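Engineer: As input, take data.txt (compact mmCIF, C-alpha atoms):
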# COMPACT_ATOMS: atom_id res chain seq x y z
CA MET A 1 -5.83 20.11 -11.92
CA GLN A 2 -7.60 17.23 -10.11
CA ARG A 3 -4.24 15.78 -9.12
CA LYS A 4 -3.09 19.09 -7.67
CA ASN A 5 -6.37 19.51 -5.80
CA MET A 6 -5.98 16.00 -4.36
CA VAL A 7 -2.58 16.86 -2.92
CA GLU A 8 -3.47 20.37 -1.75
CA SER A 9 -6.88 19.62 -0.23
CA GLN A 10 -6.53 15.99 0.93
CA VAL A 11 -2.88 15.07 1.45
CA ARG A 12 -1.14 18.24 2.61
CA PRO A 13 -3.67 19.10 5.39
CA SER A 14 -3.48 15.56 6.81
CA ASP A 15 -0.15 15.72 8.66
CA VAL A 16 1.72 14.53 5.57
CA THR A 17 4.95 16.53 5.67
CA ASP A 18 7.17 14.41 3.41
CA ARG A 19 7.40 16.49 0.26
CA ARG A 20 8.66 13.48 -1.72
CA ILE A 21 5.29 11.77 -1.20
CA MET A 22 3.37 14.84 -2.30
CA ARG A 23 5.64 15.28 -5.33
CA ALA A 24 5.19 11.63 -6.30
CA MET A 25 1.41 11.87 -6.02
CA LEU A 26 1.49 15.01 -8.17
CA GLU A 27 3.50 13.19 -10.82
CA ILE A 28 1.66 9.85 -10.99
CA PRO A 29 -1.58 9.84 -13.04
CA ARG A 30 -3.88 7.96 -10.67
CA GLU A 31 -6.58 7.75 -13.34
CA ARG A 32 -4.37 5.42 -15.39
CA PHE A 33 -4.68 2.77 -12.67
CA VAL A 34 -8.47 2.57 -12.50
CA PRO A 35 -11.14 1.37 -14.95
CA VAL A 36 -12.33 3.94 -17.48
CA SER A 37 -15.69 4.17 -15.67
CA LEU A 38 -13.93 5.31 -12.47
CA ARG A 39 -11.59 7.85 -14.00
CA PRO A 40 -13.88 10.83 -13.30
CA ILE A 41 -13.66 10.05 -9.56
CA ALA A 42 -10.06 8.77 -9.45
CA TYR A 43 -8.95 11.68 -7.26
CA MET A 44 -11.82 11.72 -4.78
CA ASP A 45 -11.01 11.23 -1.11
CA GLU A 46 -12.50 7.76 -0.85
CA ASP A 47 -11.55 4.13 -1.41
CA LEU A 48 -12.17 3.03 -4.99
CA GLN A 49 -13.62 -0.42 -5.62
CA LEU A 50 -11.76 -1.92 -8.58
CA VAL A 51 -13.24 -5.43 -8.48
CA ALA A 52 -16.54 -6.39 -6.89
CA ALA A 53 -16.70 -9.52 -4.76
CA ALA A 54 -17.70 -12.66 -6.65
CA PRO A 55 -17.55 -16.41 -5.90
CA GLY A 56 -13.89 -17.26 -5.46
CA LYS A 57 -12.84 -13.64 -6.01
CA PRO A 58 -12.64 -11.10 -3.18
CA CYS A 59 -13.49 -7.43 -3.48
CA ARG A 60 -10.40 -5.32 -4.25
CA GLY A 61 -9.83 -1.59 -4.20
CA LEU A 62 -7.44 1.34 -3.94
CA MET A 63 -6.96 3.19 -0.67
CA ALA A 64 -8.19 6.78 -0.50
CA PRO A 65 -5.33 9.19 -1.33
CA ARG A 66 -5.26 10.75 2.15
CA ALA A 67 -5.04 7.39 3.94
CA PHE A 68 -2.49 6.02 1.47
CA ALA A 69 -0.19 9.02 1.86
CA ARG A 70 -0.30 8.85 5.66
CA LEU A 71 0.46 5.12 5.67
CA VAL A 72 3.39 5.55 3.28
CA GLN A 73 4.82 8.36 5.39
CA LEU A 74 4.63 6.11 8.45
CA ALA A 75 6.98 3.65 6.70
CA GLU A 76 9.82 6.25 6.64
CA ILE A 77 11.05 5.10 3.21
CA THR A 78 14.44 6.36 2.04
CA GLY A 79 15.97 6.54 -1.42
CA SER A 80 18.18 3.50 -0.81
CA ASP A 81 15.39 1.23 0.45
CA VAL A 82 14.13 -2.00 -1.08
CA VAL A 83 10.37 -2.08 -0.50
CA LEU A 84 7.78 -4.85 -0.70
CA ASP A 85 4.37 -3.54 -1.79
CA VAL A 86 1.77 -6.10 -0.68
CA GLY A 87 -1.51 -6.00 -2.59
CA CYS A 88 -0.43 -3.56 -5.28
CA ALA A 89 -3.70 -4.12 -7.21
CA THR A 90 -3.37 -2.22 -10.49
CA GLY A 91 -0.01 -0.70 -9.54
CA TYR A 92 -0.71 2.86 -8.35
CA SER A 93 0.87 2.31 -4.94
CA ALA A 94 3.96 0.75 -6.53
CA ALA A 95 4.34 3.73 -8.88
CA VAL A 96 4.32 6.15 -5.94
CA LEU A 97 6.68 4.01 -3.86
CA ALA A 98 9.06 3.81 -6.82
CA ARG A 99 9.54 7.59 -6.52
CA LEU A 100 10.64 7.16 -2.90
CA ALA A 101 12.69 3.95 -2.85
CA GLU A 102 15.51 2.39 -4.84
CA THR A 103 13.59 -0.77 -5.75
CA VAL A 104 10.01 -1.96 -5.27
CA VAL A 105 8.74 -5.53 -5.41
CA ALA A 106 4.98 -5.36 -5.92
CA ILE A 107 3.00 -8.51 -5.20
CA GLU A 108 -0.58 -9.09 -6.30
CA GLU A 109 -2.56 -12.34 -6.11
CA ASP A 110 -5.09 -11.47 -8.83
CA ALA A 111 -3.37 -12.46 -12.07
CA GLU A 112 -5.38 -10.02 -14.21
CA MET A 113 -4.57 -7.13 -11.89
CA SER A 114 -0.92 -8.16 -11.76
CA GLU A 115 -0.73 -8.14 -15.54
CA ALA A 116 -2.50 -4.76 -15.74
CA ALA A 117 -0.13 -3.30 -13.14
CA ALA A 118 2.96 -4.45 -15.03
CA LYS A 119 1.62 -3.01 -18.29
CA THR A 120 0.65 0.38 -16.87
CA LEU A 121 3.94 0.74 -15.01
CA ALA A 122 5.83 -0.09 -18.21
CA ASP A 123 3.72 2.39 -20.20
CA LEU A 124 4.64 5.09 -17.65
CA ALA A 125 8.35 4.09 -17.77
CA VAL A 126 8.41 3.11 -14.10
CA ASP A 127 11.33 0.71 -14.37
CA SER A 128 12.32 0.19 -10.73
CA VAL A 129 9.29 -1.99 -9.92
CA ALA A 130 9.09 -5.76 -10.31
CA VAL A 131 5.50 -7.04 -10.31
CA VAL A 132 5.02 -10.62 -9.12
CA THR A 133 1.92 -12.77 -8.70
CA GLY A 134 1.29 -14.78 -5.54
CA ALA A 135 -0.53 -15.08 -2.23
CA LEU A 136 -0.28 -11.74 -0.45
CA ALA A 137 0.15 -13.16 3.04
CA ASN A 138 3.25 -15.07 1.90
CA GLY A 139 5.06 -11.97 0.70
CA TYR A 140 7.98 -12.56 -1.66
CA ALA A 141 10.98 -13.87 0.25
CA ALA A 142 13.02 -14.47 -2.92
CA GLU A 143 13.83 -10.74 -3.19
CA GLY A 144 14.02 -10.04 0.54
CA PRO A 145 14.87 -9.09 3.14
CA TYR A 146 13.25 -5.66 2.79
CA ASP A 147 13.86 -2.29 4.37
CA ALA A 148 10.12 -1.62 4.35
CA ILE A 149 6.92 -3.55 3.70
CA VAL A 150 3.66 -1.73 2.96
CA LEU A 151 0.33 -3.56 3.17
CA GLU A 152 -2.09 -1.82 0.83
CA GLY A 153 -5.30 -2.45 2.76
CA ALA A 154 -6.88 -3.52 6.02
CA VAL A 155 -5.88 -6.82 7.63
CA GLN A 156 -6.90 -8.65 10.77
CA ASP A 157 -3.56 -10.36 11.26
CA ILE A 158 0.06 -9.75 10.21
CA PRO A 159 1.59 -13.17 9.49
CA ALA A 160 5.05 -14.16 10.70
CA ALA A 161 5.98 -14.99 7.10
CA LEU A 162 5.88 -11.29 6.26
CA LEU A 163 7.63 -10.09 9.41
CA ASP A 164 10.45 -12.55 8.75
CA GLN A 165 11.10 -10.78 5.43
CA LEU A 166 12.09 -7.53 7.18
CA LYS A 167 15.73 -6.56 7.54
CA ASP A 168 17.02 -5.75 11.00
CA GLY A 169 15.74 -2.22 11.52
CA GLY A 170 13.12 -2.66 8.80
CA ARG A 171 9.55 -1.35 9.08
CA LEU A 172 6.21 -2.88 8.15
CA VAL A 173 3.13 -0.67 7.98
CA ALA A 174 -0.44 -1.88 7.76
CA VAL A 175 -4.02 -1.06 8.66
CA ARG A 176 -5.03 -3.46 11.41
CA SER A 177 -8.78 -4.01 11.47
CA GLN A 178 -10.51 -5.22 14.61
CA GLY A 179 -14.25 -5.14 14.25
CA ALA A 180 -15.38 -1.60 13.50
CA VAL A 181 -12.02 -0.13 14.53
CA ALA A 182 -9.09 0.20 12.13
CA ARG A 183 -5.74 1.74 13.02
CA ALA A 184 -2.49 2.21 11.19
CA VAL A 185 0.33 0.26 12.83
CA ILE A 186 4.08 0.20 12.33
CA VAL A 187 6.14 -2.86 13.21
CA ARG A 188 9.93 -2.51 13.52
CA ARG A 189 12.33 -5.42 13.49
CA ILE A 190 14.95 -5.22 16.21
CA GLY A 191 17.19 -8.26 15.83
CA ALA A 192 14.95 -11.28 16.32
CA LYS A 193 12.21 -9.24 18.00
CA PHE A 194 9.42 -7.03 16.66
CA ASP A 195 8.10 -3.82 18.18
CA GLU A 196 4.55 -2.83 17.15
CA ARG A 197 3.08 0.64 17.66
CA GLU A 198 -0.35 2.00 16.80
CA ALA A 199 -0.21 5.33 15.00
CA PHE A 200 -3.64 6.71 14.01
CA ASP A 201 -7.19 5.81 13.02
CA ILE A 202 -7.51 5.03 9.33
CA GLY A 203 -9.86 3.34 6.90
CA ALA A 204 -8.86 1.03 4.05
CA PRO A 205 -10.38 -1.66 1.83
CA PRO A 206 -9.65 -5.20 3.06
CA LEU A 207 -6.80 -7.31 1.76
CA PRO A 208 -7.62 -11.00 1.21
CA GLY A 209 -5.77 -13.77 3.03
CA PHE A 210 -5.09 -12.00 6.33
CA GLU A 211 -8.08 -13.17 8.34
CA GLN A 212 -7.44 -14.35 11.88
CA ALA A 213 -7.85 -18.09 12.38
CA ARG A 214 -11.06 -18.88 14.19
CA ALA A 215 -10.59 -20.41 17.60
CA PHE A 216 -12.28 -23.79 18.18
CA VAL A 217 -15.12 -23.42 20.66
CA LEU A 218 -16.89 -26.32 22.33
Please go through the file and, once you have read it, give me the structure as structure tokens.
Structural biologist:
Amino acid sequence: MQRKNMVESQVRPSDVTDRRIMRAMLEIPRERFVPVSLRPIAYMDEDLQLVAAAPGKPCRGLMAPRAFARLVQLAEITGSDVVLDVGCATGYSAAVLARLAETVVAIEEDAEMSEAAAKTLADLAVDSVAVVTGALANGYAAEGPYDAIVLEGAVQDIPAALLDQLKDGGRLVAVRSQGAVARAVIVRRIGAKFDEREAFDIGAPPLPGFEQARAFVL
């Protein structure tokens, strides 16, 4: 019931028209991807903090369902696509993307989260996702190039290393954060060039490793 309410009251009224996304979010048990203590609020329309910030360990979370669905729709994923899911955390995003694409490579830099994602996806028989561990900003060129790349959180900068992993005609979607303003953006590869377009205002938890380099000031 909570899953249906999430789709009907949060996702459907938010300009999400791709029925495949709504069907996937109805099918995937979001509560399986969060700690037991958060399961009662797994379907609320808010970001969920999975790991609190600690020395040497950044805060990590899941995007609110509404924002996640809108970002995924922006990526225009088709059933034949190979998708890179950057910052998959505990694997919920990868499970949804697996319902839309042919293959998903899900990268997570937190080894414990990566292991948990692989286990939960296996338990749910989601067999078209490969979970890998590594620095998020580096992507995973070994399985590229990709038809679509989805960044599962807010970033200040989109590194060239990720853009280079797009196929010609491929799309990268992200939440670009600049101060108090955050907007969803889509970047399309056109040959050797990239076209970036802002789409809509959106909030998302930050992804580590995408901070802009500080300029040297005298």
Engineer: Which is closest to A:Gly91 among A:Thr78, A:Gln73, A:Ser114, A:Ser128, if we use only C-alpha atoms?
Structural biologist: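 Ranking A:Thr78, A:Gln73, A:Ser114, A:Ser128 by distance to A:Gly91, first place goes to A:Ser114.
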Engineer: For the contact check between stretch 168-210 of chain A and stretch 136-160 of chain A, emit one row per residue of stretch 168-210 of chain A within 7 Å, containing the shortest atom pair and the distance in Å rounded to one decimal, counting all atoms listed in the file, chain then rising number order, as JSON lines.
Structural biologist:
{"residue": "A:Gly170", "atom": "CA", "partner": "A:Asp147", "partner_atom": "CA", "distance": 4.5}
{"residue": "A:Arg171", "atom": "CA", "partner": "A:Ala148", "partner_atom": "CA", "distance": 4.8}
{"residue": "A:Leu172", "atom": "CA", "partner": "A:Ile149", "partner_atom": "CA", "distance": 4.6}
{"residue": "A:Val173", "atom": "CA", "partner": "A:Val150", "partner_atom": "CA", "distance": 5.2}
{"residue": "A:Ala174", "atom": "CA", "partner": "A:Leu151", "partner_atom": "CA", "distance": 4.9}
{"residue": "A:Val175", "atom": "CA", "partner": "A:Ala154", "partner_atom": "CA", "distance": 4.6}
{"residue": "A:Arg176", "atom": "CA", "partner": "A:Val155", "partner_atom": "CA", "distance": 5.1}
{"residue": "A:Ser177", "atom": "CA", "partner": "A:Gln156", "partner_atom": "CA", "distance": 5.1}
{"residue": "A:Gln178", "atom": "CA", "partner": "A:Gln156", "partner_atom": "CA", "distance": 6.3}
{"residue": "A:Ala204", "atom": "CA", "partner": "A:Gly153", "partner_atom": "CA", "distance": 5.1}
{"residue": "A:Pro205", "atom": "CA", "partner": "A:Gly153", "partner_atom": "CA", "distance": 5.2}
{"residue": "A:Pro206", "atom": "CA", "partner": "A:Ala154", "partner_atom": "CA", "distance": 4.4}
{"residue": "A:Leu207", "atom": "CA", "partner": "A:Gly153", "partner_atom": "CA", "distance": 5.2}
{"residue": "A:Gly209", "atom": "CA", "partner": "A:Ala137", "partner_atom": "CA", "distance": 6.0}
{"residue": "A:Phe210", "atom": "CA", "partner": "A:Val155", "partner_atom": "CA", "distance": 5.4}
Engineer: Could those residues be written to a file, using C-alpha atoms, as a PDB file, in the frame of the given file?
Structural biologist:
ATOM      1  CA  GLY A 170      13.120  -2.660   8.800  1.00  0.00           C
ATOM      2  CA  ARG A 171       9.550  -1.350   9.080  1.00  0.00           C
ATOM      3  CA  LEU A 172       6.210  -2.880   8.150  1.00  0.00           C
ATOM      4  CA  VAL A 173       3.130  -0.670   7.980  1.00  0.00           C
ATOM      5  CA  ALA A 174      -0.440  -1.880   7.760  1.00  0.00           C
ATOM      6  CA  VAL A 175      -4.020  -1.060   8.660  1.00  0.00           C
ATOM      7  CA  ARG A 176      -5.030  -3.460  11.410  1.00  0.00           C
ATOM      8  CA  SER A 177      -8.780  -4.010  11.470  1.00  0.00           C
ATOM      9  CA  GLN A 178     -10.510  -5.220  14.610  1.00  0.00           C
ATOM     10  CA  ALA A 204      -8.860   1.030   4.050  1.00  0.00           C
ATOM     11  CA  PRO A 205     -10.380  -1.660   1.830  1.00  0.00           C
ATOM     12  CA  PRO A 206      -9.650  -5.200   3.060  1.00  0.00           C
ATOM     13  CA  LEU A 207      -6.800  -7.310   1.760  1.00  0.00           C
ATOM     14  CA  GLY A 209      -5.770 -13.770   3.030  1.00  0.00           C
ATOM     15  CA  PHE A 210      -5.090 -12.000   6.330  1.00  0.00           C
TER      16      PHE A 210
END
Engineer: Which is closer to A:Ile77 than all the others in A:Leu121, A:Ala52, A:Ala192, A:Ile21, using only C-alpha atoms?
Structural biologist: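 Of A:Leu121, A:Ala52, A:Ala192, A:Ile21, the one nearest A:Ile77, counting only C-alpha atoms, is A:Ile21.
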Engineer: Enter the distance from atom CA of A:Val83 to atom CA of A:Arg32, in Å, rounded to one decimal.
Structural biologist: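 Atom CA of A:Val83 sits 22.3 Å away from atom CA of A:Arg32.
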Engineer: Expressed in Å to a single decimal, how great is the separation between atom CA of A:Leu166 and atom CA of A:Arg189?
Structural biologist: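 Interatomic distance, atom CA of A:Leu166 to atom CA of A:Arg189: 6.7 Å.
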Engineer: By how many Å are atom CA of A:Asp164 and atom CA of A:Val126 apart?
Structural biologist: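 Answer for the atom CA of A:Asp164 to atom CA of A:Val126 separation: 27.8 Å.
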Engineer: Using only C-alpha atoms, which of the listed residues (A:Val34, A:Ala95, A:Leu163, A:Ala89) sits closest to A:Leu124?
Structural biologist: A:Ala95
Engineer: If we count only C-alpha atoms, what is near A:Arg20 at a cut-off of 12 Å, once residues fewer than 6 positions away on the same chain are taken out, given as a VMD selection string?
Structural biologist: chain A and resid 7 12 26 to 27 69 72 to 73 76 to 79 96 to 101
